[in-house]
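input_33.cif follows (mmCIF, C-alpha atoms):
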data_final
loop_
_atom_site.group_PDB
_atom_site.id
_atom_site.type_symbol
_atom_site.label_atom_id
_atom_site.label_comp_id
_atom_site.auth_asym_id
_atom_site.auth_seq_id
_atom_site.Cartn_x
_atom_site.Cartn_y
_atom_site.Cartn_z
ATOM 1 C CA PRO A 1 33.713 -68.249 -97.502
ATOM 2 C CA THR A 2 34.981 -66.701 -94.259
ATOM 3 C CA GLN A 3 31.503 -65.756 -93.075
ATOM 4 C CA GLN A 4 30.096 -69.151 -94.053
ATOM 5 C CA ARG A 5 32.867 -70.793 -92.051
ATOM 6 C CA LYS A 6 31.998 -68.685 -88.981
ATOM 7 C CA VAL A 7 28.359 -69.783 -89.196
ATOM 8 C CA ASP A 8 29.377 -73.418 -89.636
ATOM 9 C CA LEU A 9 31.891 -73.386 -86.766
ATOM 10 C CA ALA A 10 29.383 -71.716 -84.437
ATOM 11 C CA GLY A 11 26.826 -74.428 -85.240
ATOM 12 C CA LEU A 12 24.323 -71.874 -86.546
ATOM 13 C CA VAL A 13 23.527 -73.479 -89.883
ATOM 14 C CA HIS A 14 20.192 -74.800 -88.570
ATOM 15 C CA SER A 15 19.262 -71.524 -86.858
ATOM 16 C CA PHE A 16 18.260 -69.901 -90.141
ATOM 17 C CA ASP A 17 15.987 -70.892 -93.013
ATOM 18 C CA GLY A 18 18.659 -69.616 -95.364
ATOM 19 C CA ALA A 19 21.650 -67.326 -95.520
ATOM 20 C CA ARG A 20 23.207 -64.915 -97.965
ATOM 21 C CA TYR A 21 26.598 -63.328 -97.617
ATOM 22 C CA VAL A 22 27.505 -59.924 -99.036
ATOM 23 C CA ASP A 23 31.113 -59.375 -100.073
ATOM 24 C CA ILE A 24 33.069 -57.452 -97.460
ATOM 25 C CA LEU A 25 34.350 -55.176 -100.236
ATOM 26 C CA GLU A 26 30.792 -54.057 -101.030
ATOM 27 C CA PRO A 27 30.501 -50.826 -98.994
ATOM 28 C CA ASP A 28 26.725 -50.402 -99.312
ATOM 29 C CA LYS A 29 24.848 -53.513 -98.188
ATOM 30 C CA LEU A 30 21.388 -52.039 -98.863
ATOM 31 C CA PRO A 31 21.157 -53.024 -102.566
ATOM 32 C CA ALA A 32 22.104 -56.637 -101.822
ATOM 33 C CA ILE A 33 19.576 -56.926 -98.993
ATOM 34 C CA ALA A 34 16.854 -55.249 -101.062
ATOM 35 C CA GLU A 35 17.598 -57.688 -103.889
ATOM 36 C CA LEU A 36 17.273 -60.619 -101.489
ATOM 37 C CA LEU A 37 13.895 -59.345 -100.275
ATOM 38 C CA ALA A 38 12.620 -58.922 -103.833
ATOM 39 C CA GLU A 39 14.040 -62.154 -105.284
ATOM 40 C CA ASP A 40 12.707 -64.360 -102.524
ATOM 41 C CA SER A 41 9.485 -62.355 -101.914
ATOM 42 C CA LEU A 42 10.427 -61.934 -98.265
ATOM 43 C CA GLN A 43 8.836 -59.568 -95.793
ATOM 44 C CA PRO A 44 11.467 -57.386 -94.094
ATOM 45 C CA ALA A 45 10.190 -58.382 -90.637
ATOM 46 C CA ASP A 46 11.072 -61.994 -91.509
ATOM 47 C CA VAL A 47 14.716 -61.186 -92.270
ATOM 48 C CA VAL A 48 17.557 -60.925 -89.753
ATOM 49 C CA VAL A 49 20.648 -59.056 -90.913
ATOM 50 C CA VAL A 50 23.810 -59.741 -88.920
ATOM 51 C CA GLY A 51 26.961 -57.664 -89.096
ATOM 52 C CA ASP A 52 29.475 -55.574 -87.200
ATOM 53 C CA ARG A 53 29.257 -52.263 -89.050
ATOM 54 C CA VAL A 54 26.646 -49.691 -88.045
ATOM 55 C CA ASP A 55 27.261 -47.820 -91.312
ATOM 56 C CA GLY A 56 26.855 -50.968 -93.405
ATOM 57 C CA GLU A 57 24.724 -53.955 -92.461
ATOM 58 C CA ILE A 58 22.947 -52.306 -89.524
ATOM 59 C CA ARG A 59 21.951 -49.146 -91.397
ATOM 60 C CA ALA A 60 20.805 -51.131 -94.422
ATOM 61 C CA ALA A 61 18.720 -53.520 -92.315
ATOM 62 C CA ARG A 62 17.032 -50.692 -90.420
ATOM 63 C CA GLU A 63 16.291 -48.661 -93.559
ATOM 64 C CA LEU A 64 14.657 -51.702 -95.166
ATOM 65 C CA GLY A 65 12.665 -52.686 -92.057
ATOM 66 C CA CYS A 66 14.627 -55.869 -91.283
ATOM 67 C CA TRP A 67 15.908 -57.040 -87.933
ATOM 68 C CA ALA A 68 19.409 -55.726 -87.261
ATOM 69 C CA VAL A 69 21.811 -57.689 -85.069
ATOM 70 C CA ARG A 70 25.226 -56.250 -84.453
ATOM 71 C CA VAL A 71 28.105 -58.535 -83.570
ATOM 72 C CA ALA A 72 30.509 -56.587 -81.357
ATOM 73 C CA ARG A 73 33.568 -58.083 -83.024
ATOM 74 C CA GLY A 74 35.437 -57.475 -86.230
ATOM 75 C CA GLU A 75 36.651 -54.284 -87.781
ATOM 76 C CA GLY A 76 33.444 -52.374 -87.015
ATOM 77 C CA ARG A 77 33.333 -53.191 -83.311
ATOM 78 C CA TRP A 78 34.474 -49.721 -82.251
ATOM 79 C CA MET A 79 31.987 -47.814 -84.375
ATOM 80 C CA GLN A 80 29.395 -45.677 -82.614
ATOM 81 C CA SER A 81 25.766 -45.428 -83.757
ATOM 82 C CA PRO A 82 25.364 -41.785 -84.876
ATOM 83 C CA SER A 83 21.580 -41.978 -85.316
ATOM 84 C CA ALA A 84 18.544 -44.204 -84.819
ATOM 85 C CA VAL A 85 18.938 -45.745 -88.283
ATOM 86 C CA HIS A 86 22.373 -46.973 -87.206
ATOM 87 C CA GLN A 87 21.081 -48.516 -83.963
ATOM 88 C CA PRO A 88 20.761 -52.316 -83.986
ATOM 89 C CA HIS A 89 17.811 -54.103 -82.429
ATOM 90 C CA TYR A 90 20.273 -56.376 -80.670
ATOM 91 C CA THR A 91 24.002 -56.352 -79.987
ATOM 92 C CA VAL A 92 25.757 -59.629 -79.224
ATOM 93 C CA PRO A 93 29.359 -60.307 -78.196
ATOM 94 C CA ASP A 94 29.821 -62.947 -80.903
ATOM 95 C CA VAL A 95 27.806 -65.151 -83.252
ATOM 96 C CA THR A 96 27.312 -67.871 -80.656
ATOM 97 C CA ALA A 97 24.736 -65.585 -78.988
ATOM 98 C CA LEU A 98 22.538 -65.508 -82.109
ATOM 99 C CA PRO A 99 20.257 -68.456 -81.186
ATOM 100 C CA ALA A 100 18.943 -66.579 -78.123
ATOM 101 C CA VAL A 101 18.324 -63.467 -80.229
ATOM 102 C CA LEU A 102 16.503 -65.491 -82.878
ATOM 103 C CA GLU A 103 14.330 -67.021 -80.174
ATOM 104 C CA ASP A 104 13.408 -63.538 -78.905
ATOM 105 C CA ILE A 105 12.573 -62.456 -82.433
ATOM 106 C CA GLN A 106 10.380 -65.513 -83.018
ATOM 107 C CA LEU A 107 8.571 -64.853 -79.744
ATOM 108 C CA GLY A 108 7.908 -61.282 -80.829
ATOM 109 C CA GLU A 109 9.928 -59.716 -78.018
ATOM 110 C CA ASP A 110 10.631 -56.626 -80.109
ATOM 111 C CA ALA A 111 9.643 -55.241 -83.496
ATOM 112 C CA PRO A 112 11.841 -54.057 -86.360
#
Take the structure in the file and write it out as structure tokens.
Amino acid sequence: PTQQRKVDLAGLVHSFDGARYVDILEPDKLPAIAELLAEDSLQPADVVVVGDRVDGEIRAARELGCWAVRVARGEGRWMQSPSAVHQPHYTVPDVTALPAVLEDIQLGEDAP
């Protein structure tokens, strides 16, 4: 509910075709993202994973071939990226910067 509220308050609900939220208590986000890809028959390059933890959402997104966007806020904001698999494609100061990132992704400015 907290993450959904952030998306709603930032006016991002129409920026995505859909959204899934993984419980903050789930330490490994990879299984949930892999399940999403399989259930909805999605291509990893069509999925944007947003989070603040390089060891959680960012690593999982990169390992699965999804776009990884790190929000430099929250409890993971001070974490360093120890390797390439922990490096996001984009880092934004907060979720309000996501529309510009999504536009870049749609234009093919980078590749996952």
Across A:Ser41, A:Tyr90, A:Gly56, A:Lys29, the smallest distance to Arg70 in chain A, with only C-alpha atoms counted, is shown by A:Tyr90
Just the residues within 6 Å of Val71 in chain A, please, counting all atoms listed in the file, with nothing from its chain fewer than 6 positions along; format it as number ranges by chain.
-> A: 51-52, 91-94
Have a look at A:Ala84, A:Val22, A:Leu42, A:Leu36 and name the one nearest to Glu57 in chain A; count only C-alpha atoms.
-> A:Val22
Ground truth for the PyMOL selection byres ((chain A and resi 105) around 12), written as a PyMOL selection string = chain A and resi 45-48+66-69+89-90+98-104+106-112
Considering only C-alpha atoms, return as a list in words whatever protein or nucleic-acid residues lie within 12 Å of Gln4 in chain A, sequence-local ones (same chain, fewer than 5 positions apart) excluded.
-> Leu9, Ala10, Gly11, Leu12, Val13, Gly18, Ala19, Arg20, Tyr21, Val22, Asp23 and Val95 of chain A
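Note that CA of Asp8 in chain A and CA of Pro88 in chain A are 23.5 Å apart.
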